[in-house]
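Student: One file is attached below, structure-v1.cif, containing mmCIF, C-alpha atoms.
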```cif
data_data
loop_
_atom_site.label_atom_id
_atom_site.label_comp_id
_atom_site.auth_asym_id
_atom_site.auth_seq_id
_atom_site.Cartn_x
_atom_site.Cartn_y
_atom_site.Cartn_z
CA MET T 1 -72.95 -126.77 218.20
CA ILE T 2 -74.63 -125.80 221.50
CA THR T 3 -76.07 -122.33 222.04
CA PHE T 4 -77.56 -121.09 225.30
CA ALA T 5 -79.47 -117.97 224.27
CA GLY T 6 -80.50 -116.14 227.42
CA PHE T 7 -81.42 -119.49 228.97
CA SER T 8 -83.07 -119.27 232.38
CA LYS T 9 -84.65 -121.98 234.48
CA ARG T 10 -86.66 -121.43 237.61
CA PHE T 11 -87.87 -124.16 239.97
CA GLY T 12 -90.52 -122.64 242.21
CA GLU T 13 -88.80 -119.79 244.01
CA VAL T 14 -85.30 -120.93 243.00
CA ASP T 15 -83.45 -119.51 239.99
CA ALA T 16 -81.32 -122.50 238.97
CA VAL T 17 -79.88 -120.73 235.92
CA SER T 18 -80.21 -117.03 235.08
CA SER T 19 -79.86 -115.55 231.58
CA LEU T 20 -77.13 -117.93 230.39
CA SER T 21 -75.75 -116.85 227.01
CA LEU T 22 -73.02 -119.15 225.80
CA THR T 23 -71.87 -120.83 222.58
CA ILE T 24 -69.98 -124.12 222.51
CA ASN T 25 -68.41 -124.70 219.12
CA ALA T 26 -67.94 -127.92 217.19
CA GLY T 27 -64.84 -129.78 218.34
CA GLU T 28 -64.63 -128.19 221.78
CA ILE T 29 -64.27 -130.27 224.95
CA VAL T 30 -65.88 -127.99 227.52
CA ALA T 31 -65.84 -128.56 231.26
CA LEU T 32 -68.45 -126.93 233.49
CA ILE T 33 -67.13 -126.45 237.00
CA GLY T 34 -68.51 -124.78 240.11
CA PRO T 35 -70.01 -125.60 243.50
CA ASN T 36 -73.09 -127.74 243.99
CA GLY T 37 -76.20 -125.80 243.05
CA SER T 38 -74.38 -123.55 240.59
CA GLY T 39 -76.51 -124.61 237.60
CA LYS T 40 -74.23 -127.14 235.91
CA THR T 41 -76.65 -130.07 235.87
CA THR T 42 -79.60 -127.89 234.89
CA SER T 43 -77.67 -126.50 231.93
CA ILE T 44 -76.55 -129.93 230.72
CA LYS T 45 -80.04 -131.39 231.07
CA ALA T 46 -81.43 -128.43 229.13
CA ALA T 47 -78.96 -129.14 226.31
CA ALA T 48 -80.15 -132.76 226.37
CA GLY T 49 -83.74 -131.58 225.99
CA LEU T 50 -84.78 -132.92 229.39
CA ILE T 51 -85.47 -129.50 230.94
CA HIS T 52 -87.49 -126.81 229.19
CA PRO T 53 -86.40 -123.19 229.61
CA THR T 54 -88.43 -120.84 231.76
CA SER T 55 -87.20 -118.19 229.33
CA GLY T 56 -84.65 -118.03 226.55
CA ALA T 57 -83.62 -121.05 224.49
CA VAL T 58 -81.08 -123.84 224.11
CA LEU T 59 -80.20 -124.68 220.50
CA ILE T 60 -78.31 -127.67 219.10
CA GLY T 61 -76.38 -128.27 215.90
CA PRO T 62 -75.54 -126.10 212.88
CA ASP T 63 -79.26 -125.60 212.15
CA ARG T 64 -79.82 -124.33 215.72
CA LEU T 65 -82.55 -126.80 216.54
CA PRO T 66 -84.45 -126.36 219.83
CA ALA T 67 -82.87 -128.81 222.27
CA SER T 68 -86.27 -130.00 223.48
CA GLY T 69 -87.43 -130.90 219.95
CA ILE T 70 -87.30 -134.39 218.47
CA ALA T 71 -85.00 -133.35 215.61
CA ALA T 72 -82.28 -132.29 218.05
CA ARG T 73 -82.15 -135.71 219.72
CA ALA T 74 -80.16 -137.20 216.83
CA TRP T 75 -77.37 -134.71 217.56
CA CYS T 76 -76.89 -135.54 221.24
CA SER T 77 -76.26 -138.33 223.68
CA PHE T 78 -76.48 -137.85 227.44
CA LEU T 79 -75.02 -139.56 230.51
CA PRO T 80 -76.61 -138.49 233.83
CA GLN T 81 -74.67 -138.37 237.07
CA ARG T 82 -76.58 -141.33 238.50
CA VAL T 83 -77.54 -144.07 236.08
CA THR T 84 -80.04 -146.83 236.77
CA PHE T 85 -81.16 -149.76 234.65
CA PRO T 86 -83.72 -152.55 235.17
CA ALA T 87 -82.10 -154.92 237.66
CA GLY T 88 -83.31 -158.06 235.88
CA MET T 89 -81.80 -157.16 232.51
CA THR T 90 -78.28 -158.13 231.51
CA GLY T 91 -75.82 -155.52 230.36
CA ARG T 92 -76.12 -156.79 226.80
CA GLU T 93 -79.92 -156.61 226.94
CA VAL T 94 -79.71 -153.00 228.10
CA LEU T 95 -77.46 -152.16 225.17
CA ASN T 96 -79.63 -154.11 222.73
CA PHE T 97 -82.60 -152.04 223.89
CA TYR T 98 -80.86 -148.70 223.46
CA GLY T 99 -79.25 -149.89 220.24
CA ALA T 100 -82.71 -150.60 218.81
CA LEU T 101 -83.90 -147.13 219.84
CA ARG T 102 -80.96 -145.55 218.03
CA ASP T 103 -80.94 -148.03 215.12
CA ARG T 104 -77.40 -149.19 215.86
CA PRO T 105 -75.96 -152.45 214.46
CA ALA T 106 -74.85 -155.39 216.57
CA ALA T 107 -71.24 -154.56 215.77
CA ALA T 108 -71.60 -151.19 217.51
CA ILE T 109 -72.87 -152.90 220.67
CA LYS T 110 -69.93 -155.30 220.58
CA ASP T 111 -67.52 -152.39 220.19
CA VAL T 112 -68.84 -150.38 223.16
CA LEU T 113 -68.86 -153.48 225.39
CA ALA T 114 -65.21 -154.06 224.57
CA PHE T 115 -64.31 -150.39 224.91
CA THR T 116 -65.82 -150.05 228.36
CA GLY T 117 -64.43 -153.39 229.58
CA LEU T 118 -67.85 -155.02 230.05
CA ASN T 119 -67.42 -157.94 227.65
CA GLY T 120 -66.95 -160.48 230.43
CA SER T 121 -69.93 -159.16 232.38
CA SER T 122 -72.37 -158.47 229.56
CA ARG T 123 -74.51 -161.57 230.23
CA ARG T 124 -74.83 -160.90 233.97
CA ASP T 125 -77.90 -159.21 235.44
CA VAL T 126 -77.43 -155.54 236.19
CA ARG T 127 -78.38 -156.27 239.81
CA THR T 128 -75.00 -157.99 240.19
CA TYR T 129 -73.04 -154.97 238.95
CA SER T 130 -70.96 -152.79 241.24
CA GLY T 131 -71.41 -149.02 241.15
CA GLY T 132 -68.40 -148.67 238.88
CA MET T 133 -69.69 -151.31 236.48
CA THR T 134 -73.12 -149.67 236.35
CA GLN T 135 -71.48 -146.35 235.50
CA ARG T 136 -69.43 -148.07 232.79
CA LEU T 137 -72.67 -149.47 231.35
CA GLY T 138 -74.10 -145.95 231.38
CA LEU T 139 -71.03 -144.75 229.50
CA ALA T 140 -71.50 -147.57 226.97
CA VAL T 141 -75.12 -146.49 226.43
CA ALA T 142 -74.07 -142.85 226.02
CA ILE T 143 -71.43 -143.54 223.37
CA LEU T 144 -73.44 -146.17 221.49
CA PRO T 145 -75.05 -143.65 219.07
CA ASP T 146 -71.71 -141.88 218.31
CA ALA T 147 -73.65 -138.61 218.34
CA PRO T 148 -71.86 -135.38 217.34
CA VAL T 149 -72.54 -133.87 220.81
CA LEU T 150 -71.85 -135.80 224.01
CA LEU T 151 -73.33 -134.44 227.26
CA LEU T 152 -71.95 -135.85 230.51
CA ASP T 153 -72.97 -134.93 234.06
CA GLU T 154 -70.22 -135.83 236.55
CA PRO T 155 -69.16 -138.81 234.38
CA THR T 156 -66.20 -139.89 236.52
CA ALA T 157 -67.90 -139.68 239.92
CA ALA T 158 -68.50 -143.44 240.25
CA LEU T 159 -66.11 -144.85 237.67
CA ASP T 160 -63.65 -147.54 238.71
CA PRO T 161 -60.07 -147.45 237.34
CA GLU T 162 -60.94 -149.47 234.23
CA GLY T 163 -63.89 -147.24 233.47
CA LEU T 164 -61.83 -144.12 234.09
CA LYS T 165 -59.22 -145.32 231.59
CA ALA T 166 -61.93 -145.92 228.99
CA PHE T 167 -63.41 -142.49 229.67
CA TYR T 168 -60.10 -140.71 229.18
CA GLU T 169 -59.51 -142.60 225.92
CA LEU T 170 -63.02 -141.73 224.74
CA ILE T 171 -62.67 -137.98 225.33
CA GLU T 172 -59.19 -137.85 223.82
CA ALA T 173 -60.45 -139.69 220.71
CA ARG T 174 -63.40 -137.33 220.35
CA ARG T 175 -61.09 -134.34 220.61
CA LYS T 176 -58.88 -135.74 217.83
CA ASN T 177 -61.97 -136.39 215.69
CA GLY T 178 -63.30 -132.86 216.13
CA GLN T 179 -66.40 -133.94 218.07
CA THR T 180 -68.03 -131.91 220.83
CA VAL T 181 -68.25 -132.75 224.53
CA LEU T 182 -69.85 -130.78 227.37
CA PHE T 183 -69.21 -132.29 230.79
CA SER T 184 -69.41 -131.24 234.41
CA SER T 185 -66.89 -132.28 237.02
CA HIS T 186 -65.62 -131.62 240.52
CA HIS T 187 -62.36 -133.40 239.70
CA ILE T 188 -59.83 -130.78 238.64
CA ALA T 189 -57.41 -133.46 237.38
CA ASP T 190 -60.03 -134.60 234.85
CA VAL T 191 -60.65 -131.02 233.76
CA ASP T 192 -56.93 -130.27 233.37
CA ARG T 193 -56.34 -133.42 231.38
CA LEU T 194 -59.35 -133.34 229.05
CA ALA T 195 -60.90 -129.89 228.59
CA THR T 196 -60.05 -127.44 225.82
CA ARG T 197 -62.16 -124.82 227.60
CA VAL T 198 -63.34 -124.38 231.19
CA ILE T 199 -66.52 -122.54 232.14
CA THR T 200 -67.05 -121.71 235.81
CA MET T 201 -70.58 -121.27 237.15
CA SER T 202 -71.83 -119.86 240.43
CA ASN T 203 -75.41 -119.16 241.51
CA GLY T 204 -76.74 -119.97 238.05
CA ARG T 205 -74.41 -117.62 236.17
CA VAL T 206 -71.13 -117.87 234.29
CA VAL T 207 -68.33 -116.25 236.28
CA GLY T 208 -65.37 -117.53 234.27
CA ASP T 209 -64.65 -118.76 230.73
CA SER T 210 -61.09 -119.77 229.87
CA PRO T 211 -59.39 -121.75 227.10
CA CYS T 212 -57.02 -124.59 227.96
CA ASP T 213 -53.85 -125.52 226.08
CA HIS T 214 -53.36 -129.16 225.05
#
```
Go ahead and render the structure in this file as structure tokens.
Tutor:
Amino acid sequence: MITFAGFSKRFGEVDAVSSLSLTINAGEIVALIGPNGSGKTTSIKAAAGLIHPTSGAVLIGPDRLPASGIAARAWCSFLPQRVTFPAGMTGREVLNFYGALRDRPAAAIKDVLAFTGLNGSSRRDVRTYSGGMTQRLGLAVAILPDAPVLLLDEPTAALDPEGLKAFYELIEARRKNGQTVLFSSHHIADVDRLATRVITMSNGRVVGDSPCDH
């Protein structure tokens, strides 16, 4: 589902990721762990098509589409570590906008609002949202397309308890449905609870790759 084929990314004099070769199969829930600066975010953004390789490739889906190509976008949805939305838009307006981009019906927007616990706040301006509510809105946007591959960068970092509950339910449901998730985290409890496989990175390289029993 996701293939890093000798993927390297260099920013100026810094090698963020070096010769990453890794395959993430359909149905796996894979956690990327490691210290800050180890290459986790760069790798996830490359899978989302937001970072182009300096060398090598990142391929998505059974047809091994280049992650940076338009065709691969239908396979993935991405939640960055820090989400921001126009302050003057309501939560519902944000979701209506992204729903139109992904050609999603009104029923899907209603479902993700309910799932993330934002129903009662959907008509409020985003400027009134707490950090946890903003992160829940980001989660709602990420799951709106129901894409086969979900890419999440530190998804629980700013979640409040209600959002954390929704996140756990989401990942557990995707695992049961055989969908694919790649997420980074510094929270070992989240990794232990959710991941079927843990990949450890350090200095832009994989230094550990272990399955997890669930």
Student: Just so the selection is clear, what residues does the PyMOL selection byres ((chain T and resi 116) around 12) cover here, as a PyMOL selection string?
Tutor: chain T and resi 91+109-115+117-122+132-144+159-170
Student: Between T:Lys45, T:Lys40, T:His52, T:His186, single out the one closest to Ser77 of chain T, counting only C-alpha atoms.
Tutor: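 That would be T:Lys45, the residue with the smallest distance to Ser77 of chain T.
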Student: Phe78 of chain T: which residues within 8 Å, counting all atoms listed in the file, same-chain residues fewer than 3 positions away excluded, as a list of chain:residue names?
Tutor: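 In the requested format, the answer is T:Ala48, T:Ala142, T:Leu150, T:Leu151, T:Leu152.
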Student: Selected by the PyMOL selection byres ((chain T and resi 42) around 10) in the shown coordinates: which residues, as a ChimeraX atom specification?
Tutor: /T:8-10,16-17,37-41,43-48,50-53,153,204
Student: Point out the residue among T:Ala147, T:Arg102, T:Asp15, T:Gly49 with the least atom-to-atom distance to Ile70 of chain T, counting all atoms listed in the file.
Tutor: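 Checking each candidate against Ile70 of chain T, we get T:Gly49 as the closest.
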Student: I need the residue nearest Thr3 of chain T from this list: T:Leu20, T:Ala67, T:Leu59, T:Thr196. Use all atoms listed in the file for the distance.
Tutor: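 Comparing T:Leu20, T:Ala67, T:Leu59, T:Thr196 against Thr3 of chain T, the winner is T:Leu59.
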Student: Anything within 9 Å of (-67.2, -132.4, 223.1): list those residues as number ranges by chain, counting all atoms listed in the file and sticking to the file's coordinates.
Tutor: T: 24-30, 148-151, 171, 174-175, 178-183, 195
Student: Given the choices T:Thr156, T:Thr200, T:Thr90, T:Asn96, which gets closest to Tyr129 of chain T if the distance is worked out from only C-alpha atoms?
Tutor: T:Thr90
Student: Which neighbours of Ala71 of chain T fall inside 12 Å, counting only C-alpha atoms, when residues of the same chain fewer than 5 positions from it are skipped, and could you give them as a VMD selection string?
Tutor: chain T and resid 48 to 49 59 to 61 63 to 66 76
Student: On this file, the PyMOL selection byres ((chain T and resi 57) around 8) gives some set of residues; write that set as an MDAnalysis selection string.
Tutor: chainID T and resid 4:7 53 55:56 58:59 66
Student: Taking all atoms listed in the file into account, which of T:Leu32, T:Leu101, T:Val83, T:Ala72 comes nearest Ile188 of chain T?
Tutor: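 With all atoms listed in the file as the atom set, the closest residue is T:Leu32.
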Student: List the spatial neighbours of Ile199 of chain T as an MDAnalysis selection string - criterion: any atom at most 8 Å away, only C-alpha atoms, same-chain residues fewer than 2 positions off excluded.
Tutor: chainID T and resid 30:33 197 201 206:210
Student: Have a look at atom CA of Ala157 of chain T and atom CA of Cys212 of chain T and let me know their distance in Å, one decimal.
Tutor: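 Result for atom CA of Ala157 of chain T versus atom CA of Cys212 of chain T: 22.1 Å, one decimal.
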Student: What does the structure give for the distance between atom CA of Met1 of chain T and atom CA of Thr23 of chain T, in Å to one decimal?
Tutor: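 These atoms are spaced 7.5 Å apart.
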Student: Tell me, in Å to one decimal, how far atom CA of Arg205 of chain T is from atom CA of Pro35 of chain T.
Tutor: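 Pair atom CA of Arg205 of chain T / atom CA of Pro35 of chain T returns 11.7 Å.
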Student: Could you list, as a PDB file with C-alpha atoms, keeping the file's coordinate frame, every residue within 6 Å of Glu154 of chain T, counting all atoms listed in the file and ignoring same-chain residues fewer than 5 positions away?
Tutor:
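Writing the result to result_26.pdb gives the following:
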```pdb
ATOM      1  CA  GLN T  81     -74.670-138.370 237.070  1.00  0.00           C
ATOM      2  CA  SER T 184     -69.410-131.240 234.410  1.00  0.00           C
ATOM      3  CA  SER T 185     -66.890-132.280 237.020  1.00  0.00           C
TER       4      SER T 185
END
```
